[in-house]
$ cat protein.cif   # mmCIF, C-alpha atoms
data_input
loop_
_atom_site.label_atom_id
_atom_site.label_comp_id
_atom_site.auth_asym_id
_atom_site.auth_seq_id
_atom_site.Cartn_x
_atom_site.Cartn_y
_atom_site.Cartn_z
CA MET A 1 0.00 0.00 0.00
CA ASP A 2 1.43 3.38 -1.02
CA HIS A 3 1.82 6.00 1.62
CA GLN A 4 1.10 9.55 0.57
CA GLU A 5 4.03 11.89 1.20
CA HIS A 6 3.51 14.53 3.82
CA LEU A 7 3.79 18.04 2.38
CA PHE A 8 4.17 21.23 4.38
CA THR A 9 3.66 24.90 3.84
CA ILE A 10 6.72 27.11 4.06
CA SER A 11 6.03 28.09 7.67
CA GLU A 12 5.43 24.48 8.77
CA PHE A 13 8.50 23.25 6.93
CA ALA A 14 10.66 26.03 8.40
CA ARG A 15 9.55 25.17 11.93
CA ARG A 16 10.22 21.44 11.49
CA ALA A 17 13.54 21.97 9.73
CA GLY A 18 14.77 24.50 12.27
CA ILE A 19 15.25 27.28 9.76
CA THR A 20 13.62 30.65 9.21
CA VAL A 21 10.98 31.37 6.60
CA ARG A 22 13.08 34.30 5.48
CA THR A 23 16.01 31.98 4.71
CA LEU A 24 13.77 29.61 2.74
CA ARG A 25 12.40 32.49 0.70
CA PHE A 26 15.93 33.69 0.02
CA TYR A 27 17.02 30.22 -1.10
CA GLU A 28 14.08 30.23 -3.48
CA GLU A 29 14.96 33.68 -4.82
CA VAL A 30 18.53 32.66 -5.65
CA GLY A 31 17.38 29.36 -7.15
CA LEU A 32 18.87 27.07 -4.53
CA LEU A 33 15.69 25.50 -3.17
CA VAL A 34 12.58 25.87 -5.30
CA PRO A 35 9.69 23.51 -4.39
CA SER A 36 7.83 22.14 -7.39
CA GLN A 37 4.49 21.32 -5.70
CA HIS A 38 1.72 23.72 -4.74
CA ASN A 39 -1.50 23.59 -2.75
CA ARG A 40 -4.89 24.74 -4.05
CA SER A 41 -4.12 28.30 -3.02
CA GLY A 42 -0.98 28.32 -5.12
CA HIS A 43 1.43 28.27 -2.18
CA ARG A 44 4.55 26.18 -2.55
CA LEU A 45 4.74 22.93 -0.61
CA TYR A 46 7.83 21.31 0.85
CA GLY A 47 8.38 17.57 1.18
CA LEU A 48 11.15 14.99 1.59
CA ALA A 49 12.92 16.03 -1.62
CA GLU A 50 13.15 19.62 -0.41
CA LEU A 51 14.31 18.44 3.02
CA ALA A 52 17.10 16.37 1.45
CA ARG A 53 18.25 19.32 -0.67
CA LEU A 54 18.08 21.68 2.31
CA GLN A 55 20.22 19.30 4.36
CA LEU A 56 22.74 19.13 1.51
CA ILE A 57 22.86 22.95 1.28
CA GLN A 58 23.39 23.23 5.02
CA SER A 59 26.10 20.56 4.96
CA LEU A 60 28.01 22.33 2.19
CA LYS A 61 27.68 25.62 4.08
CA PHE A 62 29.08 23.88 7.14
CA ILE A 63 32.31 23.01 5.32
CA GLY A 64 32.71 26.57 4.10
CA TYR A 65 31.09 26.74 0.68
CA SER A 66 29.43 30.02 -0.23
CA LEU A 67 25.85 29.98 -1.53
CA GLN A 68 27.20 30.85 -4.97
CA ASP A 69 29.56 27.86 -4.83
CA ILE A 70 26.73 25.59 -3.70
CA LYS A 71 24.51 26.77 -6.51
CA GLY A 72 27.27 25.93 -8.97
CA LEU A 73 27.74 22.47 -7.51
CA LEU A 74 24.01 21.75 -7.52
CA LYS A 75 23.17 23.38 -10.85
CA ASP A 76 22.05 20.03 -12.24
CA GLU A 77 20.76 16.87 -10.64
CA THR A 78 23.55 14.71 -12.08
CA GLU A 79 26.12 13.72 -9.49
CA ASP A 80 29.69 14.12 -10.75
CA PRO A 81 32.17 12.46 -8.34
CA ALA A 82 35.21 13.83 -10.20
CA ARG A 83 33.94 17.42 -10.04
CA LEU A 84 33.05 17.01 -6.38
CA GLU A 85 36.47 15.57 -5.57
CA THR A 86 38.22 18.49 -7.26
CA SER A 87 35.98 20.98 -5.51
CA LEU A 88 36.53 19.37 -2.12
CA GLY A 89 40.28 19.51 -2.67
CA TRP A 90 40.12 23.26 -3.18
CA GLN A 91 37.79 23.62 -0.23
CA HIS A 92 40.13 21.65 2.01
CA ARG A 93 43.03 23.96 1.16
CA LEU A 94 40.84 27.00 1.77
CA LEU A 95 39.67 25.74 5.17
CA THR A 96 43.22 24.79 6.15
CA ALA A 97 44.42 28.30 5.32
CA LYS A 98 41.56 29.80 7.33
CA ARG A 99 42.38 27.53 10.26
CA GLU A 100 46.03 28.60 10.18
CA GLU A 101 44.96 32.25 10.02
CA LEU A 102 42.63 31.72 12.98
CA ASP A 103 45.40 29.99 14.93
CA ARG A 104 47.69 32.97 14.33
CA ALA A 105 44.98 35.38 15.44
CA ILE A 106 44.43 33.38 18.64
CA GLU A 107 48.18 33.36 19.29
CA ALA A 108 48.34 37.13 18.84
CA VAL A 109 45.47 37.69 21.27
CA GLU A 110 47.08 35.38 23.82
CA ARG A 111 50.41 37.22 23.59
CA VAL A 112 48.77 40.59 24.13
CA ARG A 113 46.58 39.34 26.98
CA PHE A 114 49.66 37.85 28.67
CA LEU A 115 51.48 41.18 28.55
CA ILE A 116 48.45 42.97 29.99
CA SER A 117 48.14 40.35 32.74
CA GLU A 118 51.79 41.02 33.63
CA GLY A 119 50.99 44.69 34.09
CA LYS A 120 52.81 45.88 30.97
CA PRO A 121 51.49 49.01 29.22
CA VAL A 122 50.27 47.86 25.79
CA THR A 123 49.96 50.96 23.63
CA TRP A 124 48.46 51.04 20.14
CA THR A 125 52.01 51.13 18.76
CA VAL A 126 52.95 47.97 20.67
CA LEU A 127 49.69 46.27 19.71
CA ARG A 128 50.18 47.08 16.03
CA SER A 129 53.71 45.67 16.08
CA LEU A 130 52.77 42.44 17.86
CA LEU A 131 49.78 41.75 15.63
CA TYR A 132 51.79 42.48 12.49
CA GLN A 133 54.58 40.13 13.58
CA VAL A 134 52.21 37.25 14.19
CA GLU A 135 50.14 37.85 11.06
CA HIS A 136 53.17 38.03 8.77
CA GLU A 137 55.39 35.45 10.45
CA GLN A 138 55.28 33.19 7.38
CA ASP A 139 56.45 36.07 5.17
CA GLN A 140 59.25 36.81 7.63
CA MET A 141 60.31 33.14 7.59
CA GLU A 142 60.43 33.14 3.79
CA TRP A 143 62.52 36.32 3.84
CA ALA A 144 64.95 34.77 6.35
CA ARG A 145 65.34 31.62 4.25
CA GLU A 146 66.04 33.72 1.17
CA TYR A 147 68.65 36.02 2.67
CA LEU A 148 70.09 34.07 5.62
CA SER A 149 71.57 30.62 6.11
CA GLU A 150 69.18 27.78 6.86
CA ASP A 151 70.63 27.31 10.36
CA ILE A 152 70.16 30.96 11.33
CA ALA A 153 66.71 31.16 9.74
CA GLN A 154 65.69 28.07 11.71
CA GLN A 155 67.02 29.53 14.96
CA LEU A 156 65.12 32.77 14.44
CA PHE A 157 61.76 31.01 14.25
CA SER A 158 62.22 28.05 16.59
CA LEU A 159 61.14 29.84 19.75
CA SER A 160 58.71 28.21 22.12
CA LYS A 161 55.65 30.05 23.40
CA GLU A 162 57.40 30.65 26.73
CA GLN A 163 60.49 32.07 25.01
CA ARG A 164 58.37 34.40 22.88
CA ARG A 165 56.53 35.63 25.95
CA GLN A 166 59.78 36.32 27.79
CA ILE A 167 61.19 38.25 24.83
CA ASP A 168 57.98 40.31 24.67
CA LEU A 169 58.31 41.11 28.38
CA ASP A 170 61.98 42.02 28.05
CA MET A 171 61.27 44.15 24.98
CA LEU A 172 58.62 46.17 26.81
CA ASP A 173 61.01 46.69 29.72
CA VAL A 174 63.62 48.07 27.32
CA LEU A 175 60.94 50.14 25.61
CA ALA A 176 59.96 51.67 28.95
CA THR A 177 63.60 52.65 29.50
CA ILE A 178 63.81 54.22 26.03
CA LYS A 179 60.63 56.20 26.66
CA GLN A 180 62.07 57.54 29.89
CA LEU A 181 65.39 58.46 28.25
CA VAL A 182 63.59 60.31 25.47
CA LYS A 183 61.38 62.07 28.01
CA ASP A 184 64.43 63.13 30.03
CA GLY A 185 66.21 64.38 26.91
CA ALA A 186 69.11 61.97 27.39
CA SER A 187 72.03 62.10 24.99
CA PRO A 188 72.36 59.23 22.45
CA GLN A 189 76.02 59.12 23.55
CA SER A 190 75.24 58.54 27.21
CA PRO A 191 76.13 55.23 28.93
CA GLU A 192 72.42 54.64 29.61
CA ALA A 193 71.67 55.00 25.90
CA PHE A 194 74.47 52.63 24.92
CA ASP A 195 73.22 50.10 27.48
CA VAL A 196 69.74 50.22 25.92
CA LEU A 197 71.07 49.44 22.45
CA VAL A 198 73.14 46.57 23.81
CA LYS A 199 70.03 45.09 25.41
CA LEU A 200 68.04 45.49 22.18
CA THR A 201 70.80 43.73 20.24
CA GLU A 202 70.90 40.91 22.79
CA LEU A 203 67.14 40.46 22.51
CA ALA A 204 67.25 40.38 18.71
CA THR A 205 70.03 37.77 18.67
CA LYS A 206 69.25 35.90 21.87
CA GLN A 207 68.50 32.59 20.14
CA ILE A 208 71.27 32.91 17.52
CA GLU A 209 74.33 30.75 18.21
CA ASN A 210 76.76 32.42 15.77
CA LYS A 211 76.03 36.10 16.24
CA GLU A 212 78.92 37.28 14.06
CA ALA A 213 77.69 35.23 11.10
CA PHE A 214 74.19 36.55 11.65
CA ALA A 215 75.42 40.16 11.64
CA GLU A 216 77.39 39.58 8.43
CA GLN A 217 74.48 37.90 6.65
CA LEU A 218 72.07 40.60 7.79
CA GLU A 219 74.37 43.30 6.46
CA GLN A 220 74.67 41.50 3.12
CA ALA A 221 70.88 41.13 2.97
CA GLN A 222 70.40 44.85 3.57
CA GLN A 223 72.84 45.67 0.79
CA SER A 224 71.17 43.34 -1.71
CA MET A 225 67.60 44.38 -0.98
CA GLU A 226 65.99 47.04 -3.11
CA SER A 227 66.10 50.55 -1.66
CA ASP A 228 62.32 50.99 -1.79
CA VAL A 229 61.91 47.89 0.38
CA MET A 230 64.51 49.08 2.86
CA ASP A 231 62.89 52.51 3.07
CA PHE A 232 59.46 51.07 3.76
CA GLN A 233 58.57 51.41 7.44
CA PHE A 234 57.31 48.17 8.93
CA PRO A 235 55.54 48.35 12.30
CA ASN A 236 57.76 48.18 15.39
CA PHE A 237 57.50 48.93 19.09
CA PHE A 238 58.81 52.49 18.76
CA THR A 239 57.20 55.82 18.08
CA PRO A 240 58.99 57.89 15.40
CA GLU A 241 60.74 59.90 18.12
CA GLU A 242 61.90 56.74 19.91
CA ALA A 243 63.04 55.15 16.63
CA ALA A 244 65.08 58.27 15.81
CA PHE A 245 66.66 58.12 19.28
CA VAL A 246 67.63 54.45 18.86
CA GLU A 247 69.06 55.20 15.42
CA ALA A 248 71.11 58.07 16.88
CA ILE A 249 72.48 55.71 19.54
CA GLY A 250 73.54 53.28 16.85
CA LYS A 251 75.35 55.98 14.89
CA SER A 252 77.07 57.21 18.06
CA MET A 253 78.24 53.70 18.95
CA GLU A 254 79.43 53.11 15.39
CA ALA A 255 81.41 56.36 15.41
CA LEU A 256 82.93 55.50 18.79
CA TYR A 257 83.89 52.03 17.55
CA LYS A 258 85.48 53.48 14.41
CA GLN A 259 87.45 55.98 16.46
CA HIS A 260 88.62 53.17 18.73
CA GLU A 261 89.79 51.13 15.73
CA ASP A 262 91.59 54.11 14.25
CA ASN A 263 93.39 54.69 17.54
CA ARG A 264 94.44 51.04 17.66
CA ASN A 265 95.80 51.17 14.14
CA GLU A 266 97.78 54.30 14.92
CA ALA A 267 99.28 52.82 18.07
#
$ encode --input "protein.cif" --output "structure tokens"
Amino acid sequence: MDHQEHLFTISEFARRAGITVRTLRFYEEVGLLVPSQHNRSGHRLYGLAELARLQLIQSLKFIGYSLQDIKGLLKDETEDPARLETSLGWQHRLLTAKREELDRAIEAVERVRFLISEGKPVTWTVLRSLLYQVEHEQDQMEWAREYLSEDIAQQLFSLSKEQRRQIDLDMLDVLATIKQLVKDGASPQSPEAFDVLVKLTELATKQIENKEAFAEQLEQAQQSMESDVMDFQFPNFFTPEEAAFVEAIGKSMEALYKQHEDNRNEA
């Protein structure tokens, strides 16, 4: 004995399917879910076929397909395993990239929250620098592998979460000292200023075993890079005034070192 299929109006179907009437109407407008049966009043009716298609639409949305993508996949009733396999391959790569991006965003938030929990002043300048570093870490790794040796590039990006947190803490401590020196109008040639630059250098090379080789490779990289790239200002922890102060310290130390070498050669 045949059993007559139960058919539902749009409001009844929406309630049973756990979806809004507005969404069903939108799916109909874009041609994703268009019921073929009607009641005597001309209203569309939804049955098992519409439920199956709705579940398929929702499943594809769940794995990240846009409605436009879904419409393309379901444009005909013929199932094409090869086309689906290709599409799923692309979708898997897309979702993996989104997951990696989300992981980086979570890491950035955790680093900032840790600094705040430690009572460190996180300014917009500091926040911008931290977020930029995390977001573009892959680009920085590729740059290091292009211009530096594999060993040094590996050392630069092999820090544990605890090591990264400690470097962030130490950097903000140095930054606080720089801010105070700038505020006090300290000379870039003062012992306090030299000490700051030494600490910054130690932080930047803390995980590098052969610091001399790193310095040489970095200098060669700077010489080989295009001038417009070198002139571009990437985010860092410093305000323009603080950056200028640190640069002045570096020039003062370089001049002092050169004078020292000249004196040695004359002796």
$ closest_residue --input "protein.cif" --among "A:Lys161, A:Lys120, A:Arg93, A:His38" --to "A:Ala176" --atoms "all atoms listed in the file"
A:Lys120
$ residues_around --input "protein.cif" --residues "A:Asp151" --least-positions-apart "6" --cutoff "12 Å" --atoms "all atoms listed in the file" --output "PDB file with C-alpha atoms, keeping the file's coordinate frame"
ATOM      1  CA  ALA A 144      64.950  34.770   6.350  1.00  0.00           C
ATOM      2  CA  ARG A 145      65.340  31.620   4.250  1.00  0.00           C
ATOM      3  CA  PHE A 157      61.760  31.010  14.250  1.00  0.00           C
ATOM      4  CA  SER A 158      62.220  28.050  16.590  1.00  0.00           C
ATOM      5  CA  GLN A 207      68.500  32.590  20.140  1.00  0.00           C
ATOM      6  CA  ILE A 208      71.270  32.910  17.520  1.00  0.00           C
ATOM      7  CA  GLU A 209      74.330  30.750  18.210  1.00  0.00           C
ATOM      8  CA  ASN A 210      76.760  32.420  15.770  1.00  0.00           C
ATOM      9  CA  LYS A 211      76.030  36.100  16.240  1.00  0.00           C
ATOM     10  CA  ALA A 213      77.690  35.230  11.100  1.00  0.00           C
ATOM     11  CA  PHE A 214      74.190  36.550  11.650  1.00  0.00           C
ATOM     12  CA  GLN A 217      74.480  37.900   6.650  1.00  0.00           C
TER      13      GLN A 217
END
$ resolve_selection --input "protein.cif" --expression "the PyMOL selection byres ((chain A and resi 105) around 12)" --output "list of chain:residue names"
A:Lys98, A:Arg99, A:Glu100, A:Glu101, A:Leu102, A:Asp103, A:Arg104, A:Ile106, A:Glu107, A:Ala108, A:Val109, A:Glu110, A:Arg111, A:Val112, A:Leu130, A:Leu131, A:Tyr132, A:Gln133, A:Val134, A:Glu135, A:His136, A:Glu137
$ residues_around --input "protein.cif" --residues "stretch 62-72 of chain A" --least-positions-apart "3" --cutoff "8 Å" --atoms "only C-alpha atoms" --output "PDB file with C-alpha atoms, in the coordinates of the input"
ATOM      1  CA  GLY A  31      17.380  29.360  -7.150  1.00  0.00           C
ATOM      2  CA  LEU A  32      18.870  27.070  -4.530  1.00  0.00           C
ATOM      3  CA  ILE A  57      22.860  22.950   1.280  1.00  0.00           C
ATOM      4  CA  GLN A  58      23.390  23.230   5.020  1.00  0.00           C
ATOM      5  CA  SER A  59      26.100  20.560   4.960  1.00  0.00           C
ATOM      6  CA  LYS A  75      23.170  23.380 -10.850  1.00  0.00           C
ATOM      7  CA  GLN A  91      37.790  23.620  -0.230  1.00  0.00           C
ATOM      8  CA  LEU A  95      39.670  25.740   5.170  1.00  0.00           C
TER       9      LEU A  95
END
$ resolve_selection --input "protein.cif" --expression "the PyMOL selection byres ((chain A and resi 33) around 9)" --output "VMD selection string"
chain A and resid 24 to 32 34 to 35 50 53 to 54 57
$ resolve_selection --input "protein.cif" --expression "the PyMOL selection byres ((chain A and resi 192) around 12)" --output "list in words"
Val174, Thr177, Ile178, Gln180, Leu181, Val182, Asp184, Gly185, Ala186, Ser187, Pro188, Gln189, Ser190, Pro191, Ala193, Phe194, Asp195, Val196, Leu197, Val198, Lys199, Val246 and Ile249 of chain A
$ residues_around --input "protein.cif" --residues "A:Glu146" --least-positions-apart "5" --cutoff "12 Å" --atoms "all atoms listed in the file" --output "PyMOL selection string"
chain A and resi 139-141+152-154+217-218+220-221+224-225
$ residues_around --input "protein.cif" --residues "A:Ala14" --least-positions-apart "3" --cutoff "12 Å" --atoms "all atoms listed in the file" --output "number ranges by chain"
A: 8-11, 17-25, 45-47, 50-51, 54
$ atom_distance --input "protein.cif" --atom1 "atom CA of A:Ile167" --atom2 "atom CA of A:Thr96"
29.2 Å
$ closest_residue --input "protein.cif" --among "A:Ala244, A:Val122, A:Ala49, A:Met171" --to "A:His6" --atoms "all atoms listed in the file"
A:Ala49
$ atom_distance --input "protein.cif" --atom1 "atom CA of A:Leu115" --atom2 "atom CA of A:Ala243"
21.7 Å
$ atom_distance --input "protein.cif" --atom1 "atom CA of A:Arg113" --atom2 "atom CA of A:Leu175"
18.0 Å
$ closest_residue --input "protein.cif" --among "A:Gln163, A:Phe245, A:Tyr147, A:Lys258" --to "A:Glu219" --atoms "all atoms listed in the file"
A:Tyr147
$ build_atoms --input "protein.cif" --residues "stretch 58-76 of chain A" --atoms "N, CA and C atoms" --output "compact mmCIF listing (two decimals), in the frame of the given file"
# COMPACT_ATOMS: atom_id res chain seq x y z
N GLN A 58 22.86 22.91 3.70
CA GLN A 58 23.39 23.23 5.02
C GLN A 58 24.72 22.52 5.28
N SER A 59 24.86 21.30 4.78
CA SER A 59 26.10 20.56 4.96
C SER A 59 27.25 21.22 4.20
N LEU A 60 26.98 21.66 2.98
CA LEU A 60 28.01 22.33 2.19
C LEU A 60 28.38 23.68 2.81
N LYS A 61 27.39 24.37 3.38
CA LYS A 61 27.68 25.62 4.08
C LYS A 61 28.56 25.35 5.29
N PHE A 62 28.32 24.25 5.95
CA PHE A 62 29.08 23.88 7.14
C PHE A 62 30.57 23.73 6.83
N ILE A 63 30.90 23.19 5.66
CA ILE A 63 32.31 23.01 5.32
C ILE A 63 32.86 24.20 4.54
N GLY A 64 32.14 25.32 4.58
CA GLY A 64 32.71 26.57 4.10
C GLY A 64 32.34 27.02 2.72
N TYR A 65 31.48 26.30 2.01
CA TYR A 65 31.09 26.74 0.68
C TYR A 65 30.16 27.95 0.78
N SER A 66 30.35 28.89 -0.14
CA SER A 66 29.43 30.02 -0.23
C SER A 66 28.17 29.55 -0.95
N LEU A 67 27.10 30.35 -0.84
CA LEU A 67 25.85 29.98 -1.53
C LEU A 67 26.06 29.95 -3.05
N GLN A 68 26.91 30.84 -3.54
CA GLN A 68 27.20 30.85 -4.97
C GLN A 68 27.92 29.56 -5.39
N ASP A 69 28.86 29.12 -4.55
CA ASP A 69 29.56 27.86 -4.83
C ASP A 69 28.59 26.69 -4.81
N ILE A 70 27.70 26.69 -3.82
CA ILE A 70 26.73 25.59 -3.70
C ILE A 70 25.82 25.56 -4.91
N LYS A 71 25.39 26.71 -5.33
CA LYS A 71 24.51 26.77 -6.51
C LYS A 71 25.21 26.19 -7.73
N GLY A 72 26.52 26.48 -7.85
CA GLY A 72 27.27 25.93 -8.97
C GLY A 72 27.40 24.43 -8.89
N LEU A 73 27.62 23.91 -7.67
CA LEU A 73 27.74 22.47 -7.51
C LEU A 73 26.43 21.75 -7.78
N LEU A 74 25.33 22.40 -7.41
CA LEU A 74 24.01 21.75 -7.52
C LEU A 74 23.21 22.25 -8.72
N LYS A 75 23.89 22.79 -9.72
CA LYS A 75 23.17 23.38 -10.85
C LYS A 75 22.41 22.35 -11.68
N ASP A 76 22.83 21.09 -11.60
CA ASP A 76 22.05 20.03 -12.24
C ASP A 76 21.92 18.88 -11.27
